[in-house]
Amino acid sequence: MSEEWKNARRIVVKIGSALLINAKTGRLRHDWLAALVDDIADLRAQGREVVLVSSGAVARGRRILELDSSATLNLSQAQASAAVGQIGLAHAYQDLFDGRDLVTAQILLTLGDTEERRRYLNARNTIEELLSLGAVPVVNENDTVATNEIRYGDNDRLAARVASMISADCLVILSDIDGLYTAPPGESDDADHIAVVEEITTDIEAMAGDAPDHFSSGGMITKVAAAKISVGSGTHMIITSGKITHPLKALSDGAKHTLFRAHSDPVTAWKSWIAGSLEPKGKITIDAGAVLALASGNSLLPAGVIGVDGEFDRGDAIIIMSPDGDELGRGLSTYAKNDAERIMGRQSSEINDILGFEGRACIVHRDDMVLSAR
Ligand code: GLU
């Protein structure tokens with residue numbers, strides 16, 4: 001078993017439509033899914049957190065709606081199919097997890113939920129909360145409202161965004177193939193399986209081949225795109241075959257797979273992104289007590305804030321300043337500028353009364369903060 005899989009505490013598992021839905025009958029492959037849910041229950045019993053990214057809504061819904069099974073669906077047909085199929089999927093997951101004394105939850109995301117920082121924090125908080133409550137979130141794209149311009153279209157990249165958003169240790173993509181090959185195995189006799197990808201070079205990208213011309217399925221090309229997002233965020237990514245029953249147990253037993261190795265951990269990758277890649281939109285000046293609190297690893301509370309400058313929204317990067325005007329570090333603000341100004345100097349317990357909504361207790365959470373070396 002790979003160390004990366006063995007040591008992963010927070011895991012995202014992506015399952016594609018072809019594994020979930022029987023191509024002939026258009027029905028859910030119930031026994032296969034039940035076995036997968038058993039595997040997930042085992043992981044949970046080991047204290048590991050699991051998020052599922054599940055496709056299958058369009059593939060299931062189009063059959064229920066009796067839309068011609070070979071033709072490519074137009075956008076509104078796909079949206080309608082997703083609306084129908086998603087209900088059945090959610091129901092099946094609820095049933096199966098319930099049978100194993102686990103709570104499941106449905107999260108439907110659109111592109112903006114992972115690309116816009118304000119909404120990103122919302123989605124992340126919800127998934128974090130569900131995980132801390134012991135639930136198994138099941139995520140899909142909200143295909144019913146997604147349009148061609150604002151959709152992922154494939155759940156490989158969606159899964160990588162989710163993994164990156166929640167700082168997962170490992171993303172497992174269950175596929176109809178057990179990993180990346182030097183050439184498409186069906187078309188070439190000397191296609192070699194690649195066990196580990198240390199770096200996603202142009203050669204590796206070339207091995208992924210061309211995009212299939214199917215409406216929603218990604219092929220190897222979106223899996224390599226997902227790997228780039230994933231390893232860039234410090235999350236290892238594994239492609240392995242989902243064609244067998246109990247595919248996650250098989251992975252633990254050493255099943256063949258391709259590992260795209262991340263060379264930093266999610267926390268380091270997240271913090272270097274905050275420190276280096278984001279343009280700060282404002283400044284928050286804090287008092288001497290808060291300087292000490294931050295130095296000992298605490299979040300920044302409104303009580304310690306003595307000044308707010310600039311124009312920033314929730315989720316934007318801000319600079320944290322000492323009372324003397326020195327830069328102490330950077331972080332993501334959990335409040336927009338106007339709200340931060342209104343709660344500065346006040347106790348966290350007063351936030352609700354001042355703002356009229358229940359916000360987070362801190363202005364910058366310690367996980368979203370990087371202090372400069374001093
Ligand atoms: N979100 C789509 C669905 O549920 C699947 C996208 C994909 O195939 O990757 O049908």
# chains A, B, ... in the order shown; residues from 1 in each chain; ligands from 1
>>> select_by_dssp(residues="range 235-374 of chain A", states="helix (DSSP H, G or I)", output="CSV table (one decimal) with C-alpha atoms, in the first residue's frame")
chain,number,residue,atom,x,y,z
A,247,PRO,CA,-12.0,-0.5,-4.6
A,248,LEU,CA,-10.8,1.4,-1.6
A,249,LYS,CA,-10.1,-1.8,0.4
A,250,ALA,CA,-8.3,-3.0,-2.7
A,251,LEU,CA,-6.2,0.1,-2.6
A,252,SER,CA,-5.3,-0.6,1.0
A,266,PRO,CA,-1.8,21.1,2.3
A,267,VAL,CA,-1.2,23.6,5.1
A,268,THR,CA,2.2,24.7,3.7
A,269,ALA,CA,0.7,25.0,0.2
A,270,TRP,CA,-2.3,27.0,1.5
A,271,LYS,CA,-0.2,29.3,3.6
A,272,SER,CA,2.3,30.0,0.8
A,273,TRP,CA,-0.6,30.8,-1.4
A,274,ILE,CA,-1.8,33.4,1.1
A,275,ALA,CA,1.6,34.8,1.7
A,276,GLY,CA,2.8,35.0,-1.9
A,288,ALA,CA,-0.1,44.7,21.8
A,289,GLY,CA,-2.2,42.1,23.5
A,290,ALA,CA,-3.3,40.7,20.1
A,291,VAL,CA,0.3,40.7,18.9
A,292,LEU,CA,1.2,38.3,21.7
A,293,ALA,CA,-2.0,36.2,21.1
A,294,LEU,CA,-1.1,35.8,17.4
A,295,ALA,CA,2.5,34.9,18.3
A,302,PRO,CA,-12.2,41.7,16.9
A,303,ALA,CA,-11.3,42.8,20.4
A,304,GLY,CA,-7.6,43.1,19.5
A,337,LYS,CA,-14.2,46.0,5.5
A,338,ASN,CA,-17.4,47.7,6.7
A,339,ASP,CA,-18.3,44.8,9.0
A,340,ALA,CA,-14.7,44.6,10.3
A,341,GLU,CA,-14.8,48.3,11.2
A,342,ARG,CA,-18.1,47.9,13.1
A,343,ILE,CA,-16.9,45.0,15.3
A,348,SER,CA,-16.8,38.2,19.8
A,349,SER,CA,-20.1,37.7,21.8
A,350,GLU,CA,-21.3,41.1,20.6
A,351,ILE,CA,-20.9,40.4,16.9
A,352,ASN,CA,-24.5,39.1,16.5
A,353,ASP,CA,-26.0,42.3,18.0
A,354,ILE,CA,-23.8,44.7,16.1
A,355,LEU,CA,-24.0,43.1,12.7
A,366,ARG,CA,-5.2,31.1,12.5
A,367,ASP,CA,-5.4,28.5,9.7
A,368,ASP,CA,-5.8,31.4,7.2
>>> residues_around(residues="Asn7 in chain A", least_positions_apart="3", cutoff="10 Å", atoms="only C-alpha atoms", output="CSV table (one decimal) with N, CA and C atoms, in the first residue's frame")
chain,number,residue,atom,x,y,z
A,2,SER,N,0.5,2.3,-0.7
A,2,SER,CA,1.3,3.5,-0.8
A,2,SER,C,1.2,4.2,0.6
A,3,GLU,N,2.4,4.7,1.0
A,3,GLU,CA,2.4,5.5,2.3
A,3,GLU,C,1.5,6.7,2.2
A,4,GLU,N,1.4,7.3,1.0
A,4,GLU,CA,0.5,8.5,0.9
A,4,GLU,C,-0.9,8.1,1.2
A,10,ARG,N,-7.5,12.8,5.8
A,10,ARG,CA,-8.6,13.5,5.2
A,10,ARG,C,-8.6,13.1,3.7
A,48,ARG,N,-10.7,8.2,9.9
A,48,ARG,CA,-10.3,9.0,8.8
A,48,ARG,C,-11.5,9.7,8.2
A,169,ASP,N,-5.6,15.3,2.4
A,169,ASP,CA,-4.3,14.7,2.3
A,169,ASP,C,-4.2,14.0,1.0
A,170,CYS,N,-5.3,13.4,0.5
A,170,CYS,CA,-5.3,12.5,-0.6
A,170,CYS,C,-6.6,12.5,-1.4
>>> select_by_dssp(residues="range 261-347 of chain A", states="strand (DSSP E or B)", output="ChimeraX atom specification")
/A:282-286,300,305-310,317-321,327-332
>>> residues_around(residues="range 36-38 of chain A", least_positions_apart="4", cutoff="9 Å", atoms="only C-alpha atoms", output="NGL selection string")
:A and (31-32 or 42-43 or 93 or 96-97 or 100 or 245-249)
>>> residues_near_ligand(ligand="ligand 1", cutoff="7 Å", atoms="only C-alpha atoms and all ligand atoms", output="PyMOL selection string")
chain A and resi 16-17+54-59+82+140-141+143+153-156+216-218
>>> residues_around(residues="Val162 in chain A", least_positions_apart="3", cutoff="9 Å", atoms="only C-alpha atoms", output="list in words")
Val12, Val51, Val53, Thr114, Arg124, Val139, Arg157, Leu158, Ala159, Met165, Ile166, Ser167 and Ala168 of chain A
>>> residues_around(residues="Leu371 in chain A", least_positions_apart="2", cutoff="9 Å", atoms="only C-alpha atoms", output="ChimeraX atom specification")
/A:275,294-295,320,327-331,369,373-374
>>> write_last_selection(atoms="all heavy atoms", output="PDB file, in the first residue's frame")
ATOM      1  N   ALA A 275       0.492  33.868   1.544  1.00  0.00           N
ATOM      2  CA  ALA A 275       1.626  34.774   1.734  1.00  0.00           C
ATOM      3  C   ALA A 275       2.132  35.348   0.419  1.00  0.00           C
ATOM      4  O   ALA A 275       2.529  36.513   0.359  1.00  0.00           O
ATOM      5  CB  ALA A 275       2.763  34.027   2.435  1.00  0.00           C
ATOM      6  N   LEU A 294      -1.369  36.345  18.763  1.00  0.00           N
ATOM      7  CA  LEU A 294      -1.063  35.779  17.441  1.00  0.00           C
ATOM      8  C   LEU A 294       0.252  34.997  17.490  1.00  0.00           C
ATOM      9  O   LEU A 294       0.358  33.903  16.932  1.00  0.00           O
ATOM     10  CB  LEU A 294      -0.953  36.898  16.395  1.00  0.00           C
ATOM     11  CG  LEU A 294      -2.177  37.136  15.503  1.00  0.00           C
ATOM     12  CD1 LEU A 294      -3.461  37.210  16.279  1.00  0.00           C
ATOM     13  CD2 LEU A 294      -1.987  38.390  14.662  1.00  0.00           C
ATOM     14  N   ALA A 295       1.230  35.572  18.199  1.00  0.00           N
ATOM     15  CA  ALA A 295       2.539  34.908  18.275  1.00  0.00           C
ATOM     16  C   ALA A 295       2.411  33.554  18.957  1.00  0.00           C
ATOM     17  O   ALA A 295       3.201  32.647  18.696  1.00  0.00           O
ATOM     18  CB  ALA A 295       3.532  35.801  19.020  1.00  0.00           C
ATOM     19  N   ILE A 320      -1.677  42.235   8.286  1.00  0.00           N
ATOM     20  CA  ILE A 320      -1.883  42.470   9.718  1.00  0.00           C
ATOM     21  C   ILE A 320      -0.704  43.310  10.229  1.00  0.00           C
ATOM     22  O   ILE A 320       0.461  42.943  10.025  1.00  0.00           O
ATOM     23  CB  ILE A 320      -1.961  41.130  10.495  1.00  0.00           C
ATOM     24  CG1 ILE A 320      -3.078  40.257   9.891  1.00  0.00           C
ATOM     25  CG2 ILE A 320      -2.222  41.380  11.973  1.00  0.00           C
ATOM     26  CD1 ILE A 320      -3.085  38.825  10.396  1.00  0.00           C
ATOM     27  N   GLU A 327       4.625  45.310   9.467  1.00  0.00           N
ATOM     28  CA  GLU A 327       3.836  44.165   8.970  1.00  0.00           C
ATOM     29  C   GLU A 327       4.139  42.934   9.816  1.00  0.00           C
ATOM     30  O   GLU A 327       5.279  42.502   9.928  1.00  0.00           O
ATOM     31  CB  GLU A 327       4.168  43.891   7.487  1.00  0.00           C
ATOM     32  CG  GLU A 327       3.431  42.665   6.995  1.00  0.00           C
ATOM     33  CD  GLU A 327       3.488  42.440   5.476  1.00  0.00           C
ATOM     34  OE1 GLU A 327       3.764  43.400   4.725  1.00  0.00           O
ATOM     35  OE2 GLU A 327       3.251  41.296   5.058  1.00  0.00           O
ATOM     36  N   LEU A 328       3.085  42.360  10.394  1.00  0.00           N
ATOM     37  CA  LEU A 328       3.261  41.154  11.212  1.00  0.00           C
ATOM     38  C   LEU A 328       3.003  39.895  10.404  1.00  0.00           C
ATOM     39  O   LEU A 328       3.528  38.833  10.695  1.00  0.00           O
ATOM     40  CB  LEU A 328       2.264  41.167  12.375  1.00  0.00           C
ATOM     41  CG  LEU A 328       2.430  42.254  13.425  1.00  0.00           C
ATOM     42  CD1 LEU A 328       1.213  42.269  14.342  1.00  0.00           C
ATOM     43  CD2 LEU A 328       3.693  41.992  14.235  1.00  0.00           C
ATOM     44  N   GLY A 329       2.142  40.021   9.394  1.00  0.00           N
ATOM     45  CA  GLY A 329       1.801  38.848   8.595  1.00  0.00           C
ATOM     46  C   GLY A 329       0.630  39.155   7.694  1.00  0.00           C
ATOM     47  O   GLY A 329       0.217  40.311   7.548  1.00  0.00           O
ATOM     48  N   ARG A 330       0.110  38.102   7.084  1.00  0.00           N
ATOM     49  CA  ARG A 330      -1.021  38.252   6.160  1.00  0.00           C
ATOM     50  C   ARG A 330      -2.064  37.201   6.450  1.00  0.00           C
ATOM     51  O   ARG A 330      -1.741  36.146   7.008  1.00  0.00           O
ATOM     52  CB  ARG A 330      -0.536  38.103   4.725  1.00  0.00           C
ATOM     53  CG  ARG A 330       0.368  39.248   4.352  1.00  0.00           C
ATOM     54  CD  ARG A 330       0.926  39.134   2.970  1.00  0.00           C
ATOM     55  NE  ARG A 330       1.782  40.312   2.771  1.00  0.00           N
ATOM     56  CZ  ARG A 330       1.979  40.918   1.625  1.00  0.00           C
ATOM     57  NH1 ARG A 330       1.418  40.449   0.539  1.00  0.00           N
ATOM     58  NH2 ARG A 330       2.745  41.974   1.538  1.00  0.00           N
ATOM     59  N   GLY A 331      -3.264  37.481   6.043  1.00  0.00           N
ATOM     60  CA  GLY A 331      -4.300  36.479   6.269  1.00  0.00           C
ATOM     61  C   GLY A 331      -5.525  36.778   5.445  1.00  0.00           C
ATOM     62  O   GLY A 331      -5.604  37.793   4.751  1.00  0.00           O
ATOM     63  N   MET A 369      -3.802  32.363   8.263  1.00  0.00           N
ATOM     64  CA  MET A 369      -2.904  33.457   8.616  1.00  0.00           C
ATOM     65  C   MET A 369      -1.448  32.988   8.514  1.00  0.00           C
ATOM     66  O   MET A 369      -1.132  31.866   8.879  1.00  0.00           O
ATOM     67  CB  MET A 369      -3.200  33.842  10.077  1.00  0.00           C
ATOM     68  CG  MET A 369      -2.443  35.018  10.611  1.00  0.00           C
ATOM     69  SD  MET A 369      -2.615  35.097  12.409  1.00  0.00           S
ATOM     70  CE  MET A 369      -4.368  35.227  12.662  1.00  0.00           C
ATOM     71  N   ALA A 373       8.418  35.958   9.515  1.00  0.00           N
ATOM     72  CA  ALA A 373       9.473  35.561  10.441  1.00  0.00           C
ATOM     73  C   ALA A 373      10.001  36.822  11.104  1.00  0.00           C
ATOM     74  O   ALA A 373      10.201  37.828  10.457  1.00  0.00           O
ATOM     75  CB  ALA A 373      10.577  34.860   9.664  1.00  0.00           C
ATOM     76  N   ARG A 374      10.184  36.794  12.412  1.00  0.00           N
ATOM     77  CA  ARG A 374      10.649  38.013  13.096  1.00  0.00           C
ATOM     78  C   ARG A 374      11.922  37.713  13.869  1.00  0.00           C
ATOM     79  O   ARG A 374      12.108  36.627  14.327  1.00  0.00           O
ATOM     80  CB  ARG A 374       9.602  38.516  14.090  1.00  0.00           C
ATOM     81  CG  ARG A 374       8.194  38.447  13.575  1.00  0.00           C
ATOM     82  CD  ARG A 374       7.277  39.351  14.341  1.00  0.00           C
ATOM     83  NE  ARG A 374       7.356  40.691  13.778  1.00  0.00           N
ATOM     84  CZ  ARG A 374       7.295  41.809  14.514  1.00  0.00           C
ATOM     85  NH1 ARG A 374       7.216  41.745  15.813  1.00  0.00           N
ATOM     86  NH2 ARG A 374       7.329  42.992  13.942  1.00  0.00           N
TER      87      ARG A 374
END
>>> atom_distance(atom1="CA of Ser70 in chain A", atom2="CA of Arg27 in chain A")
15.8 Å
>>> closest_residue(among="A:Met237, A:Leu300, A:Ile173, A:Val196", to="Gly219 in chain A", atoms="only C-alpha atoms")
A:Ile173
>>> closest_residue(among="A:Thr25, A:Asp326, A:Glu198, A:Pro280", to="Glu311 in chain A", atoms="only C-alpha atoms")
A:Pro280
>>> residues_around(residues="Gly242 in chain A", least_positions_apart="3", cutoff="7 Å", atoms="only C-alpha atoms", output="short mmCIF file (atom, residue, chain, number, x, y, z; two decimals) with N, CA and C atoms, in the first residue's frame")
data_model
loop_
_atom_site.label_atom_id
_atom_site.label_comp_id
_atom_site.auth_asym_id
_atom_site.auth_seq_id
_atom_site.Cartn_x
_atom_site.Cartn_y
_atom_site.Cartn_z
N LEU A 19 -19.04 4.17 -13.45
CA LEU A 19 -18.98 3.18 -12.39
C LEU A 19 -20.30 3.06 -11.65
N LEU A 174 -11.55 7.18 -8.70
CA LEU A 174 -11.88 5.81 -9.13
C LEU A 174 -12.29 5.90 -10.59
N SER A 175 -11.59 5.13 -11.40
CA SER A 175 -11.76 5.26 -12.84
C SER A 175 -12.05 3.90 -13.46
N ASP A 176 -12.23 3.89 -14.78
CA ASP A 176 -12.40 2.59 -15.43
C ASP A 176 -11.04 2.02 -15.83
N PRO A 247 -13.23 -1.07 -4.06
CA PRO A 247 -12.01 -0.52 -4.64
C PRO A 247 -11.09 0.17 -3.62
#
>>> residues_around(residues="Asp178 in chain A", least_positions_apart="5", cutoff="12 Å", atoms="only C-alpha atoms", output="list in words")
Val172, Ile173, Pro184, Pro185, Asp192, His193, Ile194, Ala195, Met220, Ile238, Ile239, Thr240, Ser241, Gly242, Lys243, Ile244, Pro247, Ala250, Leu251, Gly254, Ala255, Lys256, His257, Thr258 and Leu259 of chain A
>>> closest_residue(among="A:Val103, A:Leu180, A:Ile363, A:Asp316", to="Asn298 in chain A", atoms="only C-alpha atoms")
A:Ile363
>>> atom_distance(atom1="CA of Ser230 in chain A", atom2="CA of Ala41 in chain A")
24.3 Å
>>> atom_distance(atom1="CA of Leu73 in chain A", atom2="CA of Ile107 in chain A")
24.0 Å
>>> closest_residue(among="A:Gln46, A:Thr285, A:Ser233, A:Asn142", to="Arg261 in chain A", atoms="only C-alpha atoms")
A:Ser233
>>> closest_residue(among="A:Leu52, A:Val364, A:Leu131, A:Val138", to="His91 in chain A", atoms="only C-alpha atoms")
A:Val138
>>> closest_residue(among="A:Thr72, A:Asp190, A:Leu171, A:Val197", to="Thr235 in chain A", atoms="only C-alpha atoms")
A:Leu171
